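Source file: upload14.cif; contents: mmCIF, C-alpha atoms.
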data_start
loop_
_atom_site.label_atom_id
_atom_site.label_comp_id
_atom_site.auth_asym_id
_atom_site.auth_seq_id
_atom_site.Cartn_x
_atom_site.Cartn_y
_atom_site.Cartn_z
CA MET A 1 70.29 86.03 96.91
CA HIS A 2 70.44 85.73 93.15
CA THR A 3 70.03 89.48 92.62
CA LYS A 4 72.74 90.35 95.11
CA LEU A 5 75.18 87.90 93.58
CA CYS A 6 74.54 89.44 90.18
CA ILE A 7 75.50 92.84 91.59
CA VAL A 8 78.78 91.43 92.82
CA LEU A 9 79.55 89.74 89.54
CA ALA A 10 78.42 92.69 87.42
CA GLY A 11 80.63 94.98 89.44
CA LEU A 12 83.66 93.41 87.86
CA ALA A 13 82.40 93.85 84.33
CA LEU A 14 81.80 97.56 84.81
CA LEU A 15 85.37 98.25 85.82
CA PRO A 16 87.66 97.67 82.87
CA ASN A 17 89.98 100.68 83.30
CA ALA A 18 91.65 99.89 86.56
CA VAL A 19 94.08 102.29 88.12
CA PRO A 20 96.69 100.21 89.93
CA GLY A 21 96.17 100.33 93.66
CA VAL A 22 97.68 98.80 96.74
CA ALA A 23 95.93 96.52 99.17
CA HIS A 24 95.99 97.21 102.87
CA HIS A 25 98.86 94.83 103.45
CA ALA A 26 101.32 92.91 101.37
CA PHE A 27 100.10 89.43 100.48
CA ALA A 28 103.57 87.93 100.27
CA ALA A 29 104.57 88.84 103.82
CA GLU A 30 101.59 87.04 105.33
CA PHE A 31 100.64 84.22 102.97
CA ASP A 32 102.75 81.59 101.21
CA VAL A 33 102.50 81.53 97.44
CA ASN A 34 104.03 78.04 97.45
CA LYS A 35 101.25 76.64 99.62
CA PRO A 36 98.04 76.79 97.60
CA VAL A 37 94.96 75.32 99.20
CA LYS A 38 91.53 74.28 97.97
CA VAL A 39 88.74 73.27 100.33
CA ASN A 40 85.12 72.26 99.91
CA GLY A 41 82.86 72.96 102.81
CA THR A 42 79.96 74.76 104.39
CA ILE A 43 80.03 78.42 105.33
CA THR A 44 79.59 78.90 109.06
CA LYS A 45 79.86 82.70 109.20
CA ILE A 46 81.23 85.80 107.51
CA GLU A 47 82.73 88.61 109.56
CA PHE A 48 82.77 92.07 108.00
CA THR A 49 85.63 93.22 110.20
CA ASN A 50 88.39 95.67 109.34
CA PRO A 51 90.92 95.71 107.90
CA HIS A 52 89.69 92.53 106.18
CA ALA A 53 86.53 90.50 106.11
CA TRP A 54 86.86 86.80 106.99
CA LEU A 55 84.87 83.85 105.70
CA TYR A 56 84.65 80.77 107.93
CA VAL A 57 84.06 77.35 106.42
CA ASP A 58 83.56 73.92 108.01
CA VAL A 59 85.56 71.32 106.10
CA LYS A 60 85.16 67.59 106.63
CA GLU A 61 88.45 65.75 107.01
CA PRO A 62 88.93 62.22 105.64
CA ASP A 63 88.70 60.83 109.18
CA GLY A 64 85.28 62.40 109.66
CA THR A 65 86.36 65.24 111.91
CA VAL A 66 85.49 68.80 110.95
CA THR A 67 87.97 71.67 110.73
CA ASN A 68 86.80 75.27 110.67
CA TRP A 69 88.92 77.16 108.12
CA ARG A 70 89.02 80.92 107.80
CA PHE A 71 89.84 82.84 104.66
CA GLU A 72 90.77 86.49 104.38
CA LEU A 73 88.68 88.58 101.98
CA GLY A 74 88.97 92.26 101.06
CA ALA A 75 88.27 95.19 103.36
CA PRO A 76 84.56 95.61 104.09
CA ASN A 77 84.65 99.13 102.60
CA ALA A 78 85.96 97.81 99.30
CA LEU A 79 83.67 94.78 99.26
CA ILE A 80 80.57 96.85 100.03
CA ARG A 81 81.38 99.46 97.41
CA LEU A 82 81.84 96.72 94.83
CA GLY A 83 78.52 95.07 95.58
CA TRP A 84 79.03 92.71 98.49
CA LYS A 85 76.47 92.61 101.30
CA THR A 86 76.79 90.96 104.66
CA ASP A 87 74.21 88.42 103.50
CA THR A 88 75.58 87.89 99.99
CA VAL A 89 76.59 84.45 101.20
CA LYS A 90 74.80 82.85 104.12
CA ALA A 91 75.78 80.31 106.71
CA GLY A 92 74.97 76.86 105.41
CA THR A 93 75.97 77.62 101.80
CA GLU A 94 78.21 75.02 100.16
CA VAL A 95 81.35 76.52 98.63
CA GLU A 96 84.69 75.64 97.12
CA ILE A 97 87.40 78.07 98.13
CA THR A 98 90.81 78.37 96.54
CA GLY A 99 93.60 80.38 98.07
CA PHE A 100 96.98 80.34 99.76
CA ARG A 101 97.85 79.31 103.30
CA ALA A 102 99.09 81.65 106.00
CA LYS A 103 102.79 81.56 106.69
CA ALA A 104 102.21 80.51 110.28
CA GLY A 105 100.21 77.48 109.13
CA GLY A 106 96.92 76.29 110.58
CA PRO A 107 93.53 76.27 108.84
CA VAL A 108 93.98 79.84 107.61
CA GLY A 109 94.22 81.17 104.08
CA ASN A 110 93.91 84.10 101.77
CA GLY A 111 90.82 83.56 99.63
CA ARG A 112 91.42 83.76 95.92
CA SER A 113 88.08 82.55 94.62
CA ILE A 114 84.78 81.40 96.05
CA LYS A 115 82.75 79.03 93.90
CA LEU A 116 79.13 78.28 94.68
CA ALA A 117 77.45 74.95 94.06
CA ASP A 118 75.76 76.28 90.90
CA GLY A 119 79.14 77.20 89.41
CA ARG A 120 79.01 80.94 89.96
CA GLU A 121 82.15 82.55 91.31
CA LEU A 122 82.52 85.49 93.68
CA PHE A 123 85.58 87.69 93.89
CA SER A 124 87.20 87.67 97.28
CA GLY A 125 89.28 90.83 97.36
CA GLY A 126 91.84 89.00 99.48
CA SER A 127 95.17 90.77 99.37
CA ALA A 128 94.77 90.73 95.60
CA PRO A 129 98.46 90.37 94.75
CA ALA A 130 98.17 90.61 91.00
CA ALA A 131 96.07 93.71 91.20
CA ASP A 132 98.69 95.65 93.08
CA ARG A 133 100.90 96.51 90.18
CA MET B 1 84.04 116.60 60.36
CA ARG B 2 86.62 114.34 61.93
CA LEU B 3 89.44 115.67 64.00
CA SER B 4 92.78 114.00 64.42
CA ASN B 5 93.59 112.65 67.85
CA SER B 6 96.22 115.32 68.41
CA ARG B 7 93.84 118.16 67.44
CA THR B 8 91.13 116.68 69.64
CA ALA B 9 93.58 116.45 72.52
CA LEU B 10 94.74 120.04 71.95
CA ILE B 11 91.17 121.34 71.93
CA SER B 12 90.42 119.34 75.07
CA VAL B 13 93.42 120.84 76.82
CA VAL B 14 92.36 124.36 75.80
CA LEU B 15 88.81 123.74 76.99
CA LEU B 16 90.07 122.37 80.28
CA ALA B 17 92.40 125.32 80.72
CA SER B 18 89.54 127.70 80.04
CA ALA B 19 87.37 125.93 82.53
CA ALA B 20 90.11 126.02 85.12
CA ASN B 21 90.83 129.71 84.61
CA GLY B 22 87.29 130.88 84.05
CA GLN B 23 85.58 129.34 87.02
CA SER B 24 86.63 130.72 90.33
CA PRO B 25 85.50 128.53 93.19
CA LYS B 26 83.01 130.06 95.60
CA LYS B 27 84.47 131.62 98.72
CA LEU B 28 83.58 130.58 102.23
CA GLN B 29 82.83 133.09 104.98
CA ASP B 30 86.44 133.20 106.14
CA GLY B 31 87.59 133.88 102.56
CA GLN B 32 88.84 130.38 101.75
CA PRO B 33 88.13 129.05 98.25
CA ASN B 34 85.59 126.28 98.76
CA MET B 35 86.91 122.80 98.02
CA GLN B 36 84.77 120.95 100.52
CA GLY B 37 83.55 117.54 99.52
CA THR B 38 84.56 113.92 99.25
CA TYR B 39 87.26 112.87 96.81
CA THR B 40 89.22 109.83 95.70
CA ARG B 41 92.99 110.23 95.30
CA ALA B 42 95.21 108.97 92.47
CA GLY B 43 98.88 108.80 91.66
CA VAL B 44 100.52 109.64 94.94
CA LYS B 45 102.14 106.36 95.97
CA ALA B 46 104.43 106.07 92.98
CA LEU B 47 107.30 103.78 92.07
CA GLU B 48 110.77 105.24 91.74
CA ALA B 49 112.86 104.33 88.72
CA GLU B 50 114.76 101.06 89.22
CA PRO B 51 113.16 100.17 92.56
CA PRO B 52 115.08 97.69 94.71
CA PHE B 53 114.08 94.06 95.00
CA ASN B 54 111.29 93.88 97.52
CA PRO B 55 110.22 90.45 98.75
CA ILE B 56 106.76 91.67 99.77
CA ASP B 57 106.16 93.31 96.42
CA PRO B 58 103.71 91.33 94.29
CA GLY B 59 105.46 92.20 91.02
CA GLU B 60 106.18 89.66 88.33
CA LYS B 61 109.90 89.31 89.07
CA ASN B 62 109.21 88.38 92.65
CA PRO B 63 109.40 84.65 93.45
CA PHE B 64 106.99 85.22 96.34
CA SER B 65 104.28 86.59 94.06
CA VAL B 66 101.28 84.71 92.74
CA SER B 67 101.77 86.65 89.53
CA ASN B 68 104.30 84.05 88.44
CA ARG B 69 102.01 81.05 88.86
CA GLU B 70 100.84 79.47 85.63
CA ASP B 71 98.51 76.88 87.16
CA GLY B 72 95.37 78.99 87.21
CA LEU B 73 95.89 80.21 90.76
CA GLY B 74 97.39 83.53 89.81
CA PRO B 75 96.95 86.34 89.13
CA TYR B 76 93.97 87.33 91.23
CA PRO B 77 91.06 89.21 89.69
CA ARG B 78 91.69 92.94 89.80
CA ILE B 79 89.85 94.33 92.79
CA PHE B 80 92.03 96.80 94.61
CA GLY B 81 92.44 99.99 92.68
CA GLN B 82 89.00 99.54 91.14
CA GLY B 83 87.44 101.47 93.96
CA GLY B 84 88.35 104.87 92.52
CA ASN B 85 86.34 104.14 89.40
CA VAL B 86 83.38 103.04 91.47
CA LEU B 87 83.58 106.07 93.74
CA ARG B 88 83.81 108.55 90.88
CA GLY B 89 80.86 107.08 89.03
CA SER B 90 80.11 109.24 85.99
CA GLN B 91 81.74 112.37 87.41
CA GLN B 92 83.98 114.29 85.03
CA ARG B 93 87.54 113.01 85.02
CA THR B 94 90.57 114.61 83.39
CA GLN B 95 94.08 113.37 82.79
CA ARG B 96 96.48 114.82 85.33
CA ARG B 97 100.18 114.56 86.21
CA LEU B 98 100.90 111.44 88.25
CA GLY B 99 103.78 109.96 90.19
CA ILE B 100 107.31 111.18 90.77
CA VAL B 101 107.77 114.37 88.75
CA PHE B 102 111.10 115.51 90.16
CA PRO B 103 113.77 114.40 89.50
CA GLU B 104 112.47 113.84 86.00
CA ASP B 105 114.32 110.52 85.69
CA ARG B 106 112.52 109.34 88.89
CA LYS B 107 115.85 108.34 90.45
CA LEU B 108 115.58 109.51 94.04
CA PRO B 109 118.59 111.26 95.61
CA TRP B 110 119.26 108.64 98.27
CA ARG B 111 122.24 109.04 100.53
CA PRO B 112 124.26 105.92 99.61
CA GLU B 113 124.46 104.59 103.16
CA GLU B 114 120.73 105.09 103.69
CA GLU B 115 119.91 103.45 100.36
CA ALA B 116 121.95 100.42 101.47
CA LYS B 117 120.08 100.32 104.77
CA ARG B 118 116.73 100.57 102.99
CA ARG B 119 117.60 97.68 100.65
CA GLN B 120 118.68 95.49 103.56
CA PHE B 121 115.54 96.41 105.50
CA LEU B 122 113.35 95.31 102.58
CA LEU B 123 115.13 91.96 102.35
CA GLU B 124 114.33 91.34 106.02
CA MET B 125 110.60 91.98 105.55
CA ASN B 126 109.90 88.52 104.10
CA PRO B 127 110.18 86.45 106.08
CA ALA B 128 109.71 89.23 108.61
CA ARG B 129 112.76 89.33 110.86
CA ASP B 130 110.78 90.84 113.71
CA LEU B 131 107.84 93.10 114.39
CA ARG B 132 109.73 96.15 113.15
CA HIS B 133 110.02 94.50 109.74
CA VAL B 134 106.28 94.03 109.31
CA GLU B 135 105.02 96.86 107.13
CA LEU B 136 103.45 99.71 109.06
CA ASN B 137 100.09 99.38 107.29
CA SER B 138 99.83 95.76 108.41
CA ARG B 139 100.35 96.90 111.97
CA CYS B 140 97.46 99.38 111.57
CA ALA B 141 99.76 102.36 112.08
CA LEU B 142 98.31 105.72 111.13
CA PRO B 143 99.07 106.29 107.46
CA GLY B 144 100.85 109.66 107.48
CA LEU B 145 100.43 111.70 104.32
CA PHE B 146 101.06 109.01 101.74
CA GLU B 147 99.77 105.62 102.89
CA GLY B 148 96.12 106.64 102.97
CA GLU B 149 95.42 104.74 99.75
CA ASP B 150 94.79 105.79 96.20
CA GLY B 151 91.49 104.55 94.87
CA ASN B 152 89.34 102.55 97.23
CA ASN B 153 89.16 104.80 100.27
CA PRO B 154 87.99 108.40 99.76
CA TYR B 155 88.98 111.58 101.58
CA SER B 156 86.51 114.17 102.87
CA ILE B 157 87.68 117.79 102.98
CA LEU B 158 86.07 120.12 105.49
CA GLN B 159 86.82 123.82 105.88
CA PRO B 160 85.79 125.22 109.23
CA ALA B 161 86.88 128.84 109.76
CA GLY B 162 90.67 129.09 109.72
CA LYS B 163 91.27 125.41 109.08
CA VAL B 164 91.23 122.67 106.48
CA VAL B 165 90.46 119.21 107.82
CA ILE B 166 91.07 116.11 105.73
CA VAL B 167 89.16 113.07 106.96
CA TYR B 168 90.58 109.77 105.73
CA ASP B 169 88.25 106.88 105.04
CA TYR B 170 91.32 104.65 105.34
CA ASN B 171 92.07 103.85 108.96
CA HIS B 172 89.44 106.43 109.86
CA THR B 173 91.94 109.11 110.74
CA SER B 174 92.21 112.80 109.96
CA ARG B 175 94.65 115.67 109.66
CA GLU B 176 94.03 119.25 110.61
CA ILE B 177 95.73 122.08 108.72
CA ASP B 178 95.88 125.33 110.69
CA LEU B 179 95.63 128.43 108.48
CA ASN B 180 96.29 130.96 111.23
CA ARG B 181 99.40 129.60 112.94
CA ARG B 182 102.80 130.49 111.45
CA GLU B 183 105.08 128.44 113.69
CA HIS B 184 105.27 124.67 114.02
CA LEU B 185 104.87 122.86 117.29
CA GLY B 186 107.93 122.28 119.45
CA LYS B 187 110.40 119.68 118.18
CA ASN B 188 109.67 117.42 121.13
CA ILE B 189 106.16 116.74 119.77
CA ARG B 190 106.23 113.95 117.17
CA LEU B 191 103.18 112.78 115.25
CA PHE B 192 102.21 110.14 112.69
CA MET B 193 100.30 112.76 110.67
CA GLY B 194 102.78 115.56 111.36
CA ASP B 195 102.01 119.17 112.25
CA SER B 196 100.49 121.06 109.31
CA ILE B 197 100.21 124.80 108.85
CA GLY B 198 98.87 126.28 105.64
CA HIS B 199 97.90 129.32 103.64
CA TRP B 200 96.11 130.05 100.38
CA GLU B 201 97.85 131.40 97.27
CA GLY B 202 94.88 132.14 95.00
CA ASN B 203 93.15 128.81 94.44
CA THR B 204 96.10 126.81 95.77
CA LEU B 205 96.30 125.65 99.36
CA VAL B 206 99.96 125.43 100.40
CA VAL B 207 100.64 123.19 103.40
CA ASP B 208 103.91 122.94 105.31
CA THR B 209 104.23 119.86 107.53
CA THR B 210 106.95 118.83 110.01
CA ASN B 211 107.11 117.07 113.40
CA PHE B 212 106.74 113.55 111.95
CA ASN B 213 107.58 110.67 114.25
CA GLY B 214 109.84 108.60 111.97
CA ARG B 215 107.27 105.82 111.86
CA VAL B 216 105.51 106.54 108.60
CA ALA B 217 106.19 105.03 105.18
CA TYR B 218 106.03 106.43 101.69
CA SER B 219 105.27 103.12 99.98
CA ARG B 220 106.11 99.42 100.10
CA GLU B 221 109.46 100.18 98.50
CA ILE B 222 110.20 103.09 100.86
CA PRO B 223 109.00 101.51 104.09
CA TYR B 224 110.01 104.34 106.41
CA LEU B 225 110.83 108.03 106.41
CA SER B 226 112.73 109.77 109.18
CA GLU B 227 111.81 112.33 111.83
CA ASP B 228 113.49 114.91 109.60
CA LEU B 229 110.72 114.59 107.01
CA HIS B 230 109.45 117.97 105.89
CA THR B 231 106.74 118.21 103.23
CA ILE B 232 105.25 121.07 101.28
CA GLU B 233 101.97 120.19 99.60
CA ARG B 234 100.07 122.21 97.03
CA PHE B 235 96.35 121.50 96.57
CA THR B 236 95.16 123.44 93.49
CA ILE B 237 91.47 123.66 92.68
CA VAL B 238 91.20 122.91 88.94
CA ASP B 239 87.44 122.69 88.55
CA ASP B 240 84.40 121.62 90.53
CA ASN B 241 85.48 117.99 90.53
CA THR B 242 89.28 118.10 90.50
CA ILE B 243 92.07 119.15 92.84
CA ASP B 244 95.63 118.86 91.57
CA TYR B 245 98.09 117.69 94.21
CA GLU B 246 101.86 118.09 94.40
CA VAL B 247 104.06 117.29 97.36
CA THR B 248 107.73 118.13 97.85
CA ILE B 249 109.35 115.52 100.07
CA ASP B 250 112.45 116.66 101.90
CA ASP B 251 114.08 114.24 104.32
CA SER B 252 117.68 115.29 104.78
CA LYS B 253 118.54 112.22 106.82
CA LEU B 254 117.68 109.84 103.95
CA PHE B 255 118.13 112.00 100.83
CA THR B 256 120.60 114.59 99.59
CA GLY B 257 117.82 116.77 98.22
CA PRO B 258 114.04 117.04 97.81
CA TRP B 259 111.86 115.12 95.37
CA LYS B 260 108.34 115.76 94.16
CA VAL B 261 105.27 113.62 93.57
CA ALA B 262 102.11 114.65 91.73
CA GLY B 263 98.61 113.27 91.90
CA TYR B 264 95.06 114.51 92.01
CA PHE B 265 91.80 114.26 93.89
CA SER B 266 88.54 113.56 91.99
CA ARG B 267 85.18 114.35 93.53
CA VAL B 268 83.18 111.17 94.14
CA ALA B 269 79.68 110.56 92.85
CA LYS B 270 76.67 111.68 94.86
CA GLY B 271 75.74 109.28 97.61
CA VAL B 272 79.25 108.02 98.35
CA GLU B 273 80.00 108.39 102.02
CA SER B 274 82.95 107.71 104.24
CA LEU B 275 82.72 104.37 106.02
CA GLU B 276 84.38 103.22 109.21
CA PHE B 277 87.74 101.53 108.77
CA ALA B 278 88.74 100.44 112.24
CA CYS B 279 91.97 98.67 111.40
CA ALA B 280 92.61 97.28 114.86
CA GLU B 281 89.20 95.62 114.94
CA GLY B 282 90.10 92.36 113.30
CA SER B 283 93.66 92.47 112.04
CA GLN B 284 95.14 88.97 112.10
CA THR B 285 98.32 89.79 110.24
CA LEU B 286 100.77 89.22 113.06
CA GLN B 287 99.12 85.91 113.97
CA ASN B 288 99.28 84.80 110.32
CA ILE B 289 102.99 85.66 110.09
CA PHE B 290 104.34 84.69 113.50
CA GLY B 291 101.66 82.32 114.80
CA LEU B 292 99.75 82.49 118.05
CA PRO B 293 101.61 83.53 121.19
CA PRO B 294 102.34 80.64 123.55
CA SER B 295 99.40 79.90 125.85
CA ARG B 296 99.90 80.64 129.54
#

Show me this structure written as structure tokens.
Amino acid sequence: MHTKLCIVLAGLALLPNAVPGVAHHAFAAEFDVNKPVKVNGTITKIEFTNPHAWLYVDVKEPDGTVTNWRFELGAPNALIRLGWKTDTVKAGTEVEITGFRAKAGGPVGNGRSIKLADGRELFSGGSAPAADR
Amino acid sequence: MRLSNSRTALISVVLLASAANGQSPKKLQDGQPNMQGTYTRAGVKALEAEPPFNPIDPGEKNPFSVSNREDGLGPYPRIFGQGGNVLRGSQQRTQRRLGIVFPEDRKLPWRPEEEAKRRQFLLEMNPARDLRHVELNSRCALPGLFEGEDGNNPYSILQPAGKVVIVYDYNHTSREIDLNRREHLGKNIRLFMGDSIGHWEGNTLVVDTTNFNGRVAYSREIPYLSEDLHTIERFTIVDDNTIDYEVTIDDSKLFTGPWKVAGYFSRVAKGVESLEFACAEGSQTLQNIFGLPPSR
């Protein structure tokens, strides 16, 4: 996995001259910038579906119950072209995910960053608000 | 010998002009100049001057944008828009005209009453007043001519005899430009991608498109165009890797006159292929905005 993660991380470094682009949908219409969320948990699955990939994470609540959160990532086309693979992160991996909650509530968010236990960070693609303009 | 930046730029322009004029593209069997291949597009979805406040726009003045957060949660790493650089790889790239080129001040000739309606419509997109106020892209609508994405998602151009077919990576759709027909379809036929007829003027493909269905957008700031939309596009082969693009947008219901946008297509690096983008597969946008429908 180490090699694949390096590809993902290196992909960012090779792309300094960005041309502004627009994500598939507007972040602000679907997610709430005033409701940031950070969870620590265990990846249960990743779905490379269109128009966005989704990462599912089991999070232990203070009362011992487990909630399965899902976080929106970028479109599979974009993720794959920038180095992601379907097995870049595997079920069972411990992660810390930061993002913003969906407007409708529930255990749903837009993934901003994905930190692994060893401190490395993966880009998520999300709706990438700051990258739009 | 060192050259000043301006002299270097001048020489570069001359060299590019020579290349453009001196290299005629190969002709296909039906006589069409060959521009087949896969390209990434740039510059087409441009901002007008003084755009209206748009609550789904992620710009810095928008209170709904993460761009304003100073707690480490915004802005996001730049990902979208990087795709064009990845797709091009080391292919030759030249500086081209981009964005709204007419009117020169980029102030679009809105009909005042339609401009007021557009501004009100934008305000009702966040929170979305109803399904109609959720942007068309989020609803996986076909993208029309403009919403096919600059950057990440390439376009493949095919030229079977008598036609030009543009296959979109984005939303996995296509448009077919008929080079033999001279009349548009009947007005009762309305299409997301419109009805396109074209002809070649030297190395420029000129495409006339009508019959739109009134359910396509130009951009996030211009979230709809009307059924009266009529476009004339010019695809000019510049060199092996570059096609200049200019589109005249005429929508007499919304605007008092036409406006023009320029962009270009760059050939992608070898090995890049079009991938499936089945938007309806897993879109959860409506659920994330409005919640789940009540259970029965």

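For the pair CA of Tyr39 in chain B and CA of Asn203 in chain B, the separation is 17.2 Å.
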
Contacts of Asp195 in chain B at 6 Å (all atoms listed in the file; same-chain gap of 6+ positions) as a list of chain:residue names: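 Here the qualifying residues turn out to be B:Thr209, B:Thr210, B:Asn211.
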
Straight-line distance linking CA of Val44 in chain B with CA of Val247 in chain B, stated in Å to one decimal: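 Rounded to one decimal, the two atoms are 8.8 Å apart.
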
Between CA of Leu292 in chain B and CA of Trp69 in chain A, distance in Å (one decimal): 15.6 Å

Contacts of Gly282 in chain B within 6 Å, only C-alpha atoms, excl. fewer than 2 positions in-chain, as an NGL selection string: (:A and (49-50)) or (:B and (280))

Residues near range 120-125 of chain A, cut-off 6 Å, only C-alpha atoms, skip fewer than 3 positions along chain, as an MDAnalysis selection string: (chainID A and resid 73:74 111:116 128) or (chainID B and resid 79)

Nearby residues (only C-alpha atoms) at most 9 Å from Arg81 in chain A, same-chain spacing under 2 positions excluded, as a PyMOL selection string: (chain A and resi 76-79+83-84) or (chain B and resi 83+86-87+152+272)
